[in-house]
Every structure is written in structure tokens, then in C-alpha cells.
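Undergrad: Can you keep this structure in mind? I'll have questions shortly.
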Amino acid sequence: MSARSVAAWCLVLLPVAVYVGWCTWGFHRLGQVSSNKSPWVASHALGKGHRLAVDDVARAPDSKFEHPSQSRDRLIGRYLKKNLAKDAAVSLADLAAQPIIDPVANSLIYFAPLESTPELRPYLDAGSRLTLCWSNSKACIPDRLVIAVSCDGKNACVAITSIPVDQLDRMEPSGKLQLLLHR
Amino acid sequence: MINSLLNNLSTALGRVFVIAIVPLLVFLLLHGLMINAVFPAASRWIALNLVPEIKDNSLVTFAALLAIITLAYVWSTLSVSFREALEGKPLGSFSTFLGSRYASRLHKALEERDRAGNELRKLATSAPQWQGALRAARVAAQTLQQCTYVRTPLLASLIELRSADRDINAAALDREVATMIEVMRTSSADFLGNPASTALDTDLTTLRLLVEYSRQRWSARLASALKRVEFDFAGQNLSATKMGNIAQSVSNYAETRYGIRLEVFWSRLQEAIGKNDRFNEQLQEANTRVDFIVSFIWHTGLFTLAWVGILPFYGHSQAMFLTVAVGGVVACAIWYLIALQAYRALASLMRAGIDLHRHAVLKGMGLAAPRSLTHERELWNILEQHVAYGSRNDFALKVDGA
């Protein structure tokens with residue numbers, strides 16, 4: 001092989017070497033991210049199903065390395081898969097894009113729209129308790145636990161709760177839904 | 001199936017546009033999946049603002065569709081440039097320097113061609129002589145009532161080479177034929193009931209079959225070497241890429257066979273080919289195939305480079321990074337190999353197009369068909385001077401050999 005040919009090969013292989021070098025560095029960097037502790041902690045105790053807001057998380061006091069994939073924006077708006085104590089680390093692994101709804105025996109999952117009672121929205125969260133009444137029904141379904149409050153991007157929110165089947169059968173709900181929040 | 005789908009779409013939307021829009025849509029989908037995985041906030045924005053069902057944002061959706069169509073159109077106009085980039089044309093004279101890395105490969109192919117050609121020539125002239133000499137020696141030995149034949153080590157090694165599917169050169173066969181003739185001075189191959197004579201008879205048949213095997217093998221090797229030298233390289237003029245070499249091989253073919261400079265006459269040849277509907281359709285189909293795959297190569301390359309650049313900063317998964325970094329390169333390599341095959345098919349059609357339609361170009365220019373290849377080369381040279389440089393030579397006179 002002539003010197004010219006060797007030089008040509010070197011020139012062609014140079015970008016290949018740069019690519020391999022970059023990939024090695026990138027792979028190593030991402031390895032650091034996965035082994036790195038989350039730089040965010042819960043600013044107060046948070047319940048399972050809670051939809052994370054900006055003031056729910058605070059920067060961990062000992063956090064040093066923050067990868068863009070660990071930014072707070074990635075956490076906000078997601079639902080907690082488990083209860084978190086104050087100062088517990090909050091990472092993507094603890095969160096889900098949709099609320100986790102565990103099946104309840106002999107109950108139906110009910111999505112109660114908050115359109116008619118938007119003023120309730122700031123006070124409602126997973127763990128809140130609601131009484132559901134319908135304008136044409138005589139009785140109400142009292143004291144239901146809110147599993148999660150789910151909102152789409154347009155702020156059309158629903159409170160997700162479970163209602164025992166026998167209560168629904170007795171009530172035959174009809175008319176406009178009214179929600180009463182328990183303190 | 002993909003071919004007929006492409007053809008149907010091409011008829012409806014225009015070939016060039018389809019070449020651009022199908023790969024573009026595929027890669028927009030892949031980019032979308034990556035954005036969804038890496039930038040969830042961006043994907044939420046897209047879902048809110050660009051999803052067609054949301055009536056409020058129909059203007060944004062329409063703008064996005066328009067942007068895709070515009071992008072596809074721009075991409076389609078760049079298809080020739082993309083192909084030329086893979087041929088190494090933008091590198092100019094630097095392309096020749098980079099092409100020098102193929103020099104040893106070309107040298108090896110040329111050696112192989114010459115060696116196979118020489119062996120085949122030797123076999124073509126020697127085989128009938130061997131056959132005649134062996135027959136004469138056998139006839140002369142028929143009167144002998146003795147045979148002391150034992151298989152020579154050379155014949156045994158030739159049989160081994162045959163079993164291993166390896167080359168047998170003419171010189172070795174020549175030595176063995178000479179040995180056999182020498183043997184038949186004292187031994188008969190037709191001494192019935194003698195085991196040595198039967199072995200000699202069998203080995204004479206084996207030797208004849210070995211000669212035939214050798215001829216077929218060198219013929220196949222010559223064809224393969226010729227294919228590489230003629231269709232994968234353009235003489236000693238090497239390009240930076242394999243695709244560039246294949247592309248140049250067409251110009252080289254036209255130049256060396258007929259003296260046609262394709263850069264000057266290709267548009268006129270296209271016009272002539274266009275009148276032959278069946279051939280033109282085949283050529284366009286082959287061209288579409290090449291452009292389509294070239295488009296995929298560029299999309300895959302850009303996708304890989306973009307995400308390999310972004311993921312270390314915004315990604316969170318090593319597995320995803322590795323998949324893109326390795327998968328992208330492997331996909332690019334596979335596309336490139338497919339593109340080379342498609343380009344070889346296109347180049348073959350282009351060569352056929354030159355062979356079959358060059359006289360139609362001359363006819364179209366009001367010139368008579370040349371009487372010989374020598375005249376034809378001269379004619380194309382004069383035409384080139386006239387068309388490319390405005391020379392005032394009277395080429396009609398030259399055609400007549402005056």
C-alpha cells in the first residue's frame with residue numbers, strides 16, 4: 001500500500017475515530033446520569049396519585065451534578081406512584097405520566113368532572129374526600145376518597161374516585177353533578 | 001411490492017416528490033418518537049398544538065403540514081446533490097486523492113483480470129494440442145501388451161485442488177499431460193483386464209475433466225474480475241467513494257468504447273432514450289430506486305448524527321444512546337450497500353442505453369451512422385469540439401472518412 005493510499009485511509013478514518021470518541025464519551029456521561037442521585041427532593045409530604053407542582057419539589061442540598069434529563073420540568077405534571085415523605089428524593093422512576101388507579105373490589109372508578117365546580121380545583125388533591133350529589137337524585141354518595149386529580153393540557157380536570165356498585169344501583173344518579181369537599 | 005407502491009405514488013404525485021416525501025415522513029415519525037422520549041414537554045406542546053382534531057389550532061396544523069410539504073419539495077430538489085455527495089463529486093480533485101485508497105483494490109482486480117485472461121488464453125490454445133497429443137500417444141500405445149502406470153503425485157495434487165474448489169493453472173496441466181504422454185510410451189490404457197491399464201484409462205478421463213474444470217473456473221474468474229474492473233472502477237481515475245467509481249465507470253465506458261464524453265452528450269442521449277418507452281421506463285425505475293435509497297441514507301445519517309449529538313446532554317438512557325449510535329451506523333451501511341447494488345443496475349442500464357441509442361443522437365443531429373468504430377470515435381470527438389467548444393470543423397465531411 002502506497003504512502004498516498006495510507007494518507008487517504010487516515011483521512012477517511014479520522015471522522016470515524018471522532019464519531020467513536022464522541023459515542024464513548026456520550027455513553028460514559030449517560031452512565032453517570034443513571035448512577036447519579038436525583039437532585040430533587042419533596043418539599044413536603046406527598047401522597048400517592050398527587051400531581052406534582054413546581055412548589056412540591058426543592059433542590060437537594062447535596063446535589064452537585066444536574067443533567068438536563070434531570071431537570072425539574074421533567075417531573076412537573078406527573079403523578080406519584082407512591083407516598084413520599086418530606087425531603088425524600090423525587091426521581092422519574094417514582095412518577096407516572098397518568099395516575100395509577102388500583103382496582104377496588106365491588107366498586108366502579110368514577111371520573112367526576114370539575115367543569116361545574118372549577119373553584120374546587122385548588123383544594124382538591126389525591127387523598128381529599130368528596131361527597132357526590134346529583135341534582136335529580138334525592139340521596140348523595142358520601143365521603144369518597146379522591147384517588148387522583150387528572151387534568152389535560154387545557155385544564156379540563158376530573159377527580160378520580162371509586163364508588164361502590166350497590167350505592168350507585170340504589171341512587172340512580174341523574175342531573176347535574178355537585179361536589180362537596182370535606183375539610 | 002414496494003416498487004409497485006412507489007410506482008403508483010409516483011404516477012399520482014410525481015417521481016421526485018415521492019422519493020423525497022416517503023423517507024421524510026418515515027423519519028419525521030422517528031424524530032417524533034425520539035422527541036417524545038427525550039423531551040416530554042415538547043411532545044406535550046406538539047400534542048396540544050399540532051394534533052389535527054383540535055379545531056382551535058387548525059391554522060398551526062395547516063402550517064405544520066405546509067412546512068412538511070415544503071421540506072419534502074426542497075429535499076426533492078436536493079436529491080441530485082445528495083447523490084453527487086455520495087459519489088464524492090463535491091470534493092473535486094481531493095476526491096482523486098481519497099480515491100487512492102482504492103488503488104490496491106484496483107491493482108488486485110487488474111492483476112486478477114490479467115492472470116485469469118492469460119490462463120484462459122493458454123488453456124484455449126493448449127487444450128486442443130493436449131487432447132491431440134494424448135490421443136496420439138494412446139493410439140500408439142494400443143499395440144503394447146503391458147502397463148506399469150502409477151498415478152503421479154502431481155495428478156493427485158490436481159485432483160485435490162479440484163475437490164477443494166481451487167485454481168488449477170495451465171502450467172501444471174501441461175506438466176501432467178507431458179508426464180501422461182511419457183507414461184504411454186511404455187504403458188497401454190487399453191490393455192483389457194489389467195488393473196494398471198484401467199487406472200490409466202480412468203486418470204486420462206480425469207485429466208480431461210480437470211482441463212475442462214480449469215477452463216470454466218478461469219472463465220468465471222475472468223468474468224468476475226472484468227465486472228469489477230469495468231463496472232466498479234473507471235480505469236485508473238479513482239473516485240473518493242465506491243458509488244463515485246461506479247458512476248464514473250459509465251462515463252469511462254462511453255469514452256473508451258465510442259469516444260463519447262457523457263458529460264457533453266448525456267442530455268441528448270436522454271432525449272433519444274426517452275423515445276424508447278420501455279427502455280426509458282426501466283431506466284427511470286432504476287433511477288428512482290437509487291434516489292429513494294440515497295434519500296434514506298441521508299435521513300438515517302442526519303438522524304443518527306443529530307440524536308448522537310443531543311442524547312448525551314438531554315437523554316437519560318444508555319441503551320437508547322447505544323441503539324441510535326450503533327443502529328444508525330449499521331442502518332447507513334446497509335442502505336449504502338443496497339444503494340451500490342441499485343447503482344450498479346442503473347449503470348448497467350445506462351451503458352445499454354449508450355450502446356442502443358447513440359446512433360439515434362447522431363440521427364437526431366442530422367448525421368449519418370458511422371461506417372466503423374474508428375470513424376465513430378472520430379465523429380464523436382469532432383462533435384464534442386463543436387458542441388462544447390464551438391469548433392467550426394466540418395464533421396459531415398469527416399464522417400465520410402475524407
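Ordering of the C-alpha cells sets the chain letters (A, B, ...), residue numbers begin anew at 1 in every chain, and ligands are numbered from 1 in the order given.
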Output as a Markdown table one row per residue of chain B within 10 Å of chain A: the closest atom pair and its distance in Å to one decimal place, counting only C-alpha atoms, sorted by chain and residue number ascending.

TA:
| residue | atom | partner | partner_atom | distance |
| --- | --- | --- | --- | --- |
| B:Val38 | CA | A:Ser69 | CA | 7.6 |
| B:Phe39 | CA | A:Arg74 | CA | 8.1 |
| B:Pro40 | CA | A:Arg74 | CA | 7.0 |
| B:Ala41 | CA | A:Arg74 | CA | 7.2 |
| B:Arg44 | CA | A:Gly153 | CA | 8.0 |
| B:Trp45 | CA | A:Gly153 | CA | 8.8 |
| B:Ala47 | CA | A:Gly153 | CA | 9.2 |
| B:Leu48 | CA | A:Gly153 | CA | 7.0 |
| B:Phe94 | CA | A:Ala8 | CA | 9.7 |
| B:Ser95 | CA | A:Ala8 | CA | 9.7 |
| B:Thr96 | CA | A:Ala8 | CA | 9.6 |
| B:Phe97 | CA | A:Ala8 | CA | 6.5 |
| B:Leu98 | CA | A:Ala8 | CA | 4.8 |
| B:Gly99 | CA | A:Ala8 | CA | 7.4 |
| B:Ser100 | CA | A:Ser5 | CA | 5.1 |
| B:Arg101 | CA | A:Ser5 | CA | 4.3 |
| B:Tyr102 | CA | A:Ser5 | CA | 7.6 |
| B:Ala103 | CA | A:Ser5 | CA | 7.2 |
| B:Ser104 | CA | A:Met1 | CA | 6.4 |
| B:Arg105 | CA | A:Met1 | CA | 9.7 |
| B:Ala240 | CA | A:Ala8 | CA | 9.1 |
| B:Leu305 | CA | A:Tyr19 | CA | 9.0 |
| B:Val308 | CA | A:Cys23 | CA | 7.2 |
| B:Gly309 | CA | A:Trp22 | CA | 8.4 |
| B:Ile310 | CA | A:Gly26 | CA | 9.4 |
| B:Leu311 | CA | A:Gly26 | CA | 7.6 |
| B:Pro312 | CA | A:Gly26 | CA | 4.7 |
| B:Phe313 | CA | A:Pro68 | CA | 6.2 |
| B:Tyr314 | CA | A:Ser69 | CA | 5.0 |
| B:Gly315 | CA | A:Ser69 | CA | 5.8 |
| B:His316 | CA | A:Ser69 | CA | 5.7 |
| B:Ser317 | CA | A:Leu30 | CA | 6.4 |
| B:Gln318 | CA | A:Leu30 | CA | 5.6 |
| B:Ala319 | CA | A:Phe27 | CA | 8.8 |
| B:Met320 | CA | A:Phe27 | CA | 9.8 |
| B:Phe321 | CA | A:Phe27 | CA | 6.9 |
| B:Leu322 | CA | A:Phe27 | CA | 7.2 |
| B:Ala325 | CA | A:Cys23 | CA | 6.9 |
| B:Val326 | CA | A:Cys23 | CA | 9.1 |

Undergrad: One decimal, in Å: what's the spacing between CA of Asp190 (chain B) and CA of Ala172 (chain B)?

TA: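 These atoms are spaced 25.4 Å apart.
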
Undergrad: From the options B:His357, B:Arg215, B:Gln129, B:Leu134, which residue's atoms come nearest to Gln270 (chain B), counting only C-alpha atoms?

TA: B:His357

Undergrad: Point out the residue among A:Val149, A:Cys133, A:Leu124, A:Ala88 with the least atom-to-atom distance to Leu181 (chain A), counting only C-alpha atoms.

TA: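 With only C-alpha atoms as the atom set, the closest residue is A:Leu124.
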
Undergrad: Considering only C-alpha atoms, return as a list in words whatever protein or nucleic-acid residues lie within 10 Å of Ile163 (chain A), sequence-local ones (same chain, fewer than 5 positions apart) excluded.

TA: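 The contact residues come out as Val104, Asn106, Ser107, Leu108, Ile109, Tyr110, Leu132, Ile141, Pro142, Asp143, Arg144, Leu145 and Leu168 of chain A.
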
Undergrad: Considering only helix (DSSP H, G or I) as DSSP defines it on the backbone, what residues of chain A qualify? List them as a VMD selection string.

TA: chain A and resid 3 to 35 54 to 56 68 to 70 72 to 74 92 to 94 118 to 123 165 to 171

Undergrad: Skipping near chain neighbours, those fewer than 2 positions away, what residues fall within 9 Å of Leu226 (chain B) using only C-alpha atoms, listed as a PDB file with N, CA and C atoms, in the first residue's frame?

TA:
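Output below, filename out_37.pdb:
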ATOM      1  N   ALA B 109      -7.563  -6.221  -8.656  1.00  0.00           N
ATOM      2  CA  ALA B 109      -8.571  -6.630  -9.645  1.00  0.00           C
ATOM      3  C   ALA B 109      -7.944  -6.710 -11.040  1.00  0.00           C
ATOM      4  N   LEU B 110      -7.037  -5.772 -11.341  1.00  0.00           N
ATOM      5  CA  LEU B 110      -6.379  -5.785 -12.650  1.00  0.00           C
ATOM      6  C   LEU B 110      -5.472  -7.004 -12.781  1.00  0.00           C
ATOM      7  N   GLU B 112      -5.809  -9.789 -11.209  1.00  0.00           N
ATOM      8  CA  GLU B 112      -6.703 -10.952 -11.296  1.00  0.00           C
ATOM      9  C   GLU B 112      -7.225 -11.101 -12.731  1.00  0.00           C
ATOM     10  N   ARG B 113      -7.612  -9.948 -13.312  1.00  0.00           N
ATOM     11  CA  ARG B 113      -8.125  -9.970 -14.686  1.00  0.00           C
ATOM     12  C   ARG B 113      -7.047 -10.482 -15.650  1.00  0.00           C
ATOM     13  N   ARG B 221     -13.626 -16.592 -13.227  1.00  0.00           N
ATOM     14  CA  ARG B 221     -12.795 -15.601 -12.523  1.00  0.00           C
ATOM     15  C   ARG B 221     -12.524 -14.395 -13.401  1.00  0.00           C
ATOM     16  N   LEU B 222     -12.364 -14.644 -14.693  1.00  0.00           N
ATOM     17  CA  LEU B 222     -12.149 -13.521 -15.618  1.00  0.00           C
ATOM     18  C   LEU B 222     -13.403 -12.643 -15.672  1.00  0.00           C
ATOM     19  N   ALA B 223     -14.569 -13.319 -15.737  1.00  0.00           N
ATOM     20  CA  ALA B 223     -15.834 -12.558 -15.787  1.00  0.00           C
ATOM     21  C   ALA B 223     -15.984 -11.710 -14.536  1.00  0.00           C
ATOM     22  N   SER B 224     -15.678 -12.310 -13.384  1.00  0.00           N
ATOM     23  CA  SER B 224     -15.814 -11.581 -12.115  1.00  0.00           C
ATOM     24  C   SER B 224     -14.826 -10.415 -12.044  1.00  0.00           C
ATOM     25  N   ARG B 228     -15.539  -6.329 -12.010  1.00  0.00           N
ATOM     26  CA  ARG B 228     -15.010  -5.393 -11.007  1.00  0.00           C
ATOM     27  C   ARG B 228     -14.234  -4.261 -11.669  1.00  0.00           C
ATOM     28  N   VAL B 229     -13.365  -4.631 -12.608  1.00  0.00           N
ATOM     29  CA  VAL B 229     -12.513  -3.613 -13.246  1.00  0.00           C
ATOM     30  C   VAL B 229     -13.350  -2.650 -14.079  1.00  0.00           C
ATOM     31  N   GLU B 230     -14.287  -3.207 -14.841  1.00  0.00           N
ATOM     32  CA  GLU B 230     -15.036  -2.368 -15.776  1.00  0.00           C
ATOM     33  C   GLU B 230     -16.207  -1.641 -15.131  1.00  0.00           C
ATOM     34  N   PHE B 231     -16.866  -2.295 -14.180  1.00  0.00           N
ATOM     35  CA  PHE B 231     -18.110  -1.727 -13.658  1.00  0.00           C
ATOM     36  C   PHE B 231     -17.984  -1.127 -12.264  1.00  0.00           C
TER      37      PHE B 231
END

Undergrad: Skipping near chain neighbours, those fewer than 3 positions away, what residues fall within 7 Å of Ile246 (chain B) using only C-alpha atoms, listed as an MDAnalysis selection string?

TA: chainID B and resid 231:233 242:243 249 344

Undergrad: For Glu87 (chain B), list every protein, DNA or RNA residue within 6 Å, evaluated using only C-alpha atoms, and leave out those in the same chain fewer than 3 positions away; present the list as a short mmCIF file (atom, residue, chain, number, x, y, z; two decimals) with N, CA and C atoms, in the first residue's frame.

TA:
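The resulting file, result38.cif, is shown below:
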data_model
loop_
_atom_site.label_atom_id
_atom_site.label_comp_id
_atom_site.auth_asym_id
_atom_site.auth_seq_id
_atom_site.Cartn_x
_atom_site.Cartn_y
_atom_site.Cartn_z
N GLU B 84 -24.74 13.13 -5.68
CA GLU B 84 -23.39 13.55 -6.07
C GLU B 84 -22.45 13.59 -4.87
N THR B 241 -15.34 7.60 -3.40
CA THR B 241 -16.27 6.59 -2.86
C THR B 241 -16.53 5.50 -3.89
N MET B 243 -19.43 4.47 -4.75
CA MET B 243 -20.53 4.91 -5.61
C MET B 243 -20.00 5.82 -6.71
N GLY B 244 -19.03 6.65 -6.35
CA GLY B 244 -18.40 7.55 -7.32
C GLY B 244 -17.70 6.75 -8.41
#

Undergrad: Mind giving me the straight-line distance from CA of Val387 (chain B) to CA of Leu362 (chain B) in Å, one decimal?

TA: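 A separation of 12.6 Å between them.
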
Undergrad: When you draw a straight line from CA of Thr304 (chain B) to CA of Gly328 (chain B), how long is it in Å?

TA: 5.2 Å

Undergrad: Which one of A:Arg72, A:Trp40, A:Lys48, A:Leu180 sits closest to Ala60 (chain A) if you count only C-alpha atoms?

TA: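 Looking at the shortest contact to Ala60 (chain A), the residue is A:Trp40.
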
Undergrad: Just list the residues in region 5-181 of chain A DSSP gives strand (DSSP E or B) on the backbone, as a PyMOL selection string.

TA: chain A and resi 40-42+46+51+57-59+79-80+84+89+95-96+107-113+129-134+140-151+157-164+177-181

Undergrad: Restricting the output to C-alpha atoms, write the selected residues as a PDB file, in the first residue's frame.

TA:
ATOM      1  CA  TRP A  40     -34.687  16.974  43.666  1.00  0.00           C
ATOM      2  CA  VAL A  41     -36.448  16.211  46.956  1.00  0.00           C
ATOM      3  CA  ALA A  42     -40.060  16.539  48.132  1.00  0.00           C
ATOM      4  CA  LEU A  46     -46.727  13.961  49.123  1.00  0.00           C
ATOM      5  CA  ARG A  51     -49.930  15.563  40.531  1.00  0.00           C
ATOM      6  CA  VAL A  57     -40.066  19.785  44.864  1.00  0.00           C
ATOM      7  CA  ALA A  58     -36.937  21.532  46.062  1.00  0.00           C
ATOM      8  CA  ARG A  59     -33.274  21.127  45.159  1.00  0.00           C
ATOM      9  CA  TYR A  79     -48.344  11.586  39.151  1.00  0.00           C
ATOM     10  CA  LEU A  80     -46.679   9.979  42.139  1.00  0.00           C
ATOM     11  CA  LEU A  84     -43.171  10.392  49.610  1.00  0.00           C
ATOM     12  CA  ALA A  89     -35.644  12.095  46.689  1.00  0.00           C
ATOM     13  CA  LEU A  95     -43.592   9.187  38.735  1.00  0.00           C
ATOM     14  CA  ALA A  96     -46.050   8.176  36.056  1.00  0.00           C
ATOM     15  CA  SER A 107     -66.587  -0.547  43.084  1.00  0.00           C
ATOM     16  CA  LEU A 108     -66.526   1.401  39.870  1.00  0.00           C
ATOM     17  CA  ILE A 109     -63.911   4.019  39.065  1.00  0.00           C
ATOM     18  CA  TYR A 110     -65.730   7.297  38.588  1.00  0.00           C
ATOM     19  CA  PHE A 111     -64.271  10.320  36.788  1.00  0.00           C
ATOM     20  CA  ALA A 112     -66.071  13.285  38.315  1.00  0.00           C
ATOM     21  CA  PRO A 113     -65.735  16.323  36.037  1.00  0.00           C
ATOM     22  CA  ARG A 129     -62.540  13.360  50.392  1.00  0.00           C
ATOM     23  CA  LEU A 130     -65.637  14.301  48.389  1.00  0.00           C
ATOM     24  CA  THR A 131     -69.382  13.886  48.642  1.00  0.00           C
ATOM     25  CA  LEU A 132     -71.057  13.497  45.257  1.00  0.00           C
ATOM     26  CA  CYS A 133     -74.624  14.680  44.708  1.00  0.00           C
ATOM     27  CA  TRP A 134     -76.768  14.861  41.567  1.00  0.00           C
ATOM     28  CA  CYS A 140     -75.774  11.619  47.785  1.00  0.00           C
ATOM     29  CA  ILE A 141     -72.762   9.343  47.792  1.00  0.00           C
ATOM     30  CA  PRO A 142     -70.834  10.498  50.830  1.00  0.00           C
ATOM     31  CA  ASP A 143     -67.182  10.603  51.754  1.00  0.00           C
ATOM     32  CA  ARG A 144     -65.390   9.181  48.724  1.00  0.00           C
ATOM     33  CA  LEU A 145     -61.587   9.168  48.645  1.00  0.00           C
ATOM     34  CA  VAL A 146     -60.040  11.051  45.675  1.00  0.00           C
ATOM     35  CA  ILE A 147     -57.509   8.689  44.028  1.00  0.00           C
ATOM     36  CA  ALA A 148     -56.094  11.471  41.845  1.00  0.00           C
ATOM     37  CA  VAL A 149     -56.996  14.682  40.104  1.00  0.00           C
ATOM     38  CA  SER A 150     -56.238  14.394  36.416  1.00  0.00           C
ATOM     39  CA  CYS A 151     -56.056  17.399  34.122  1.00  0.00           C
ATOM     40  CA  CYS A 157     -59.872  18.341  35.179  1.00  0.00           C
ATOM     41  CA  VAL A 158     -61.567  15.311  36.661  1.00  0.00           C
ATOM     42  CA  ALA A 159     -61.462  13.973  40.195  1.00  0.00           C
ATOM     43  CA  ILE A 160     -60.920  10.212  40.045  1.00  0.00           C
ATOM     44  CA  THR A 161     -62.707   8.297  42.773  1.00  0.00           C
ATOM     45  CA  SER A 162     -64.291   4.905  43.337  1.00  0.00           C
ATOM     46  CA  ILE A 163     -67.988   4.342  44.052  1.00  0.00           C
ATOM     47  CA  PRO A 164     -69.383   1.053  45.417  1.00  0.00           C
ATOM     48  CA  LEU A 177     -73.251  16.757  39.447  1.00  0.00           C
ATOM     49  CA  GLN A 178     -72.405  18.672  42.603  1.00  0.00           C
ATOM     50  CA  LEU A 179     -69.246  18.069  44.574  1.00  0.00           C
ATOM     51  CA  LEU A 180     -68.800  18.795  48.263  1.00  0.00           C
ATOM     52  CA  LEU A 181     -65.294  18.860  49.639  1.00  0.00           C
TER      53      LEU A 181
END

Undergrad: Find the spatial neighbours of region 286-292 of chain B, counting only C-alpha atoms, within a cut-off of 9 Å - ignore same-chain residues fewer than 3 positions away - and output them as JSON, numbers by chain.

TA: {"B": [3, 6, 15, 16, 18, 19, 20, 22, 23, 79, 80, 82, 83, 281, 282, 283, 295, 296, 297, 338, 339, 340, 341, 342, 343, 345, 346, 349]}

Undergrad: Atoms to include: N, CA, C and O atoms. Write the selected residues as an mmCIF file, in the first residue's frame.

TA:
data_model
loop_
_atom_site.group_PDB
_atom_site.id
_atom_site.type_symbol
_atom_site.label_atom_id
_atom_site.label_comp_id
_atom_site.auth_asym_id
_atom_site.auth_seq_id
_atom_site.Cartn_x
_atom_site.Cartn_y
_atom_site.Cartn_z
ATOM 1 N N ASN B 3 -41.941 -1.597 -4.825
ATOM 2 C CA ASN B 3 -41.700 -0.982 -6.126
ATOM 3 C C ASN B 3 -42.997 -0.529 -6.776
ATOM 4 O O ASN B 3 -43.104 0.577 -7.300
ATOM 5 N N LEU B 6 -44.404 2.412 -4.972
ATOM 6 C CA LEU B 6 -43.678 3.622 -5.352
ATOM 7 C C LEU B 6 -44.111 4.098 -6.734
ATOM 8 O O LEU B 6 -44.283 5.295 -6.964
ATOM 9 N N ARG B 15 -42.549 11.581 -9.512
ATOM 10 C CA ARG B 15 -41.491 10.682 -9.026
ATOM 11 C C ARG B 15 -40.587 11.346 -7.998
ATOM 12 O O ARG B 15 -40.350 10.821 -6.913
ATOM 13 N N VAL B 16 -40.117 12.523 -8.340
ATOM 14 C CA VAL B 16 -39.123 13.195 -7.498
ATOM 15 C C VAL B 16 -39.703 13.519 -6.122
ATOM 16 O O VAL B 16 -39.047 13.365 -5.087
ATOM 17 N N VAL B 18 -42.163 11.951 -4.565
ATOM 18 C CA VAL B 18 -42.358 10.726 -3.762
ATOM 19 C C VAL B 18 -41.044 10.285 -3.143
ATOM 20 O O VAL B 18 -40.991 9.888 -1.980
ATOM 21 N N ILE B 19 -39.969 10.385 -3.931
ATOM 22 C CA ILE B 19 -38.644 9.998 -3.425
ATOM 23 C C ILE B 19 -38.328 10.794 -2.162
ATOM 24 O O ILE B 19 -37.705 10.302 -1.233
ATOM 25 N N ALA B 20 -38.790 12.040 -2.144
ATOM 26 C CA ALA B 20 -38.485 12.896 -1.000
ATOM 27 C C ALA B 20 -39.464 12.692 0.143
ATOM 28 O O ALA B 20 -39.062 12.610 1.300
ATOM 29 N N VAL B 22 -41.695 10.200 1.075
ATOM 30 C CA VAL B 22 -41.849 8.941 1.826
ATOM 31 C C VAL B 22 -40.760 8.807 2.899
ATOM 32 O O VAL B 22 -41.074 8.641 4.086
ATOM 33 N N PRO B 23 -39.469 8.936 2.532
ATOM 34 C CA PRO B 23 -38.450 8.870 3.599
ATOM 35 C C PRO B 23 -38.613 9.995 4.619
ATOM 36 O O PRO B 23 -38.400 9.785 5.811
ATOM 37 N N SER B 79 -32.080 16.108 -4.318
ATOM 38 C CA SER B 79 -31.755 14.677 -4.464
ATOM 39 C C SER B 79 -30.511 14.453 -5.326
ATOM 40 O O SER B 79 -29.704 13.569 -5.042
ATOM 41 N N VAL B 80 -30.370 15.257 -6.385
ATOM 42 C CA VAL B 80 -29.195 15.088 -7.248
ATOM 43 C C VAL B 80 -27.920 15.423 -6.467
ATOM 44 O O VAL B 80 -26.911 14.705 -6.546
ATOM 45 N N PHE B 82 -27.521 15.239 -3.262
ATOM 46 C CA PHE B 82 -27.274 14.190 -2.269
ATOM 47 C C PHE B 82 -26.542 13.011 -2.915
ATOM 48 O O PHE B 82 -25.630 12.436 -2.343
ATOM 49 N N ARG B 83 -26.983 12.681 -4.132
ATOM 50 C CA ARG B 83 -26.352 11.550 -4.813
ATOM 51 C C ARG B 83 -24.910 11.909 -5.186
ATOM 52 O O ARG B 83 -23.993 11.114 -4.999
ATOM 53 N N GLU B 281 -38.662 3.576 -19.314
ATOM 54 C CA GLU B 281 -39.366 3.236 -18.072
ATOM 55 C C GLU B 281 -38.443 2.467 -17.122
ATOM 56 O O GLU B 281 -38.366 2.757 -15.927
ATOM 57 N N GLN B 282 -37.697 1.520 -17.706
ATOM 58 C CA GLN B 282 -36.746 0.730 -16.892
ATOM 59 C C GLN B 282 -35.676 1.637 -16.291
ATOM 60 O O GLN B 282 -35.324 1.517 -15.110
ATOM 61 N N LEU B 283 -35.207 2.556 -17.119
ATOM 62 C CA LEU B 283 -34.137 3.459 -16.659
ATOM 63 C C LEU B 283 -34.642 4.371 -15.538
ATOM 64 O O LEU B 283 -33.966 4.559 -14.518
ATOM 65 N N SER B 295 -31.843 8.854 -0.523
ATOM 66 C CA SER B 295 -32.601 9.698 0.401
ATOM 67 C C SER B 295 -32.613 9.075 1.803
ATOM 68 O O SER B 295 -32.432 9.765 2.809
ATOM 69 N N PHE B 296 -32.805 7.759 1.855
ATOM 70 C CA PHE B 296 -32.806 7.061 3.152
ATOM 71 C C PHE B 296 -31.437 7.139 3.817
ATOM 72 O O PHE B 296 -31.346 7.293 5.027
ATOM 73 N N ILE B 297 -30.377 7.055 3.023
ATOM 74 C CA ILE B 297 -29.020 7.136 3.591
ATOM 75 C C ILE B 297 -28.847 8.481 4.285
ATOM 76 O O ILE B 297 -28.380 8.552 5.429
ATOM 77 N N ILE B 338 -27.061 -1.427 -0.296
ATOM 78 C CA ILE B 338 -28.221 -1.592 -1.200
ATOM 79 C C ILE B 338 -28.130 -0.578 -2.333
ATOM 80 O O ILE B 338 -28.390 -0.878 -3.492
ATOM 81 N N ALA B 339 -27.737 0.661 -1.957
ATOM 82 C CA ALA B 339 -27.622 1.722 -2.968
ATOM 83 C C ALA B 339 -26.573 1.358 -4.012
ATOM 84 O O ALA B 339 -26.764 1.634 -5.208
ATOM 85 N N LEU B 340 -25.477 0.737 -3.579
ATOM 86 C CA LEU B 340 -24.434 0.340 -4.535
ATOM 87 C C LEU B 340 -24.984 -0.667 -5.542
ATOM 88 O O LEU B 340 -24.727 -0.560 -6.742
ATOM 89 N N GLN B 341 -25.752 -1.639 -5.013
ATOM 90 C CA GLN B 341 -26.339 -2.639 -5.906
ATOM 91 C C GLN B 341 -27.289 -1.969 -6.896
ATOM 92 O O GLN B 341 -27.273 -2.271 -8.081
ATOM 93 N N ALA B 342 -28.121 -1.065 -6.358
ATOM 94 C CA ALA B 342 -29.090 -0.374 -7.217
ATOM 95 C C ALA B 342 -28.357 0.488 -8.252
ATOM 96 O O ALA B 342 -28.777 0.585 -9.411
ATOM 97 N N TYR B 343 -27.247 1.078 -7.817
ATOM 98 C CA TYR B 343 -26.487 1.937 -8.732
ATOM 99 C C TYR B 343 -25.831 1.100 -9.831
ATOM 100 O O TYR B 343 -25.746 1.521 -10.987
ATOM 101 N N ALA B 345 -27.031 -1.602 -11.075
ATOM 102 C CA ALA B 345 -28.106 -1.923 -12.029
ATOM 103 C C ALA B 345 -28.384 -0.722 -12.928
ATOM 104 O O ALA B 345 -28.549 -0.860 -14.145
ATOM 105 N N LEU B 346 -28.406 0.476 -12.310
ATOM 106 C CA LEU B 346 -28.653 1.693 -13.094
ATOM 107 C C LEU B 346 -27.522 1.907 -14.101
ATOM 108 O O LEU B 346 -27.770 2.218 -15.275
ATOM 109 N N LEU B 349 -27.825 -0.313 -17.028
ATOM 110 C CA LEU B 349 -28.851 0.173 -17.962
ATOM 111 C C LEU B 349 -28.353 1.368 -18.758
ATOM 112 O O LEU B 349 -28.642 1.512 -19.950
#

Undergrad: Using only C-alpha atoms, pick whichever of B:Gly366, B:Gly327, B:Gly193, B:Gly259 has the shortest atom-to-atom distance to Ile354 (chain B).

TA: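 Smallest distance to Ile354 (chain B) is found for B:Gly259.
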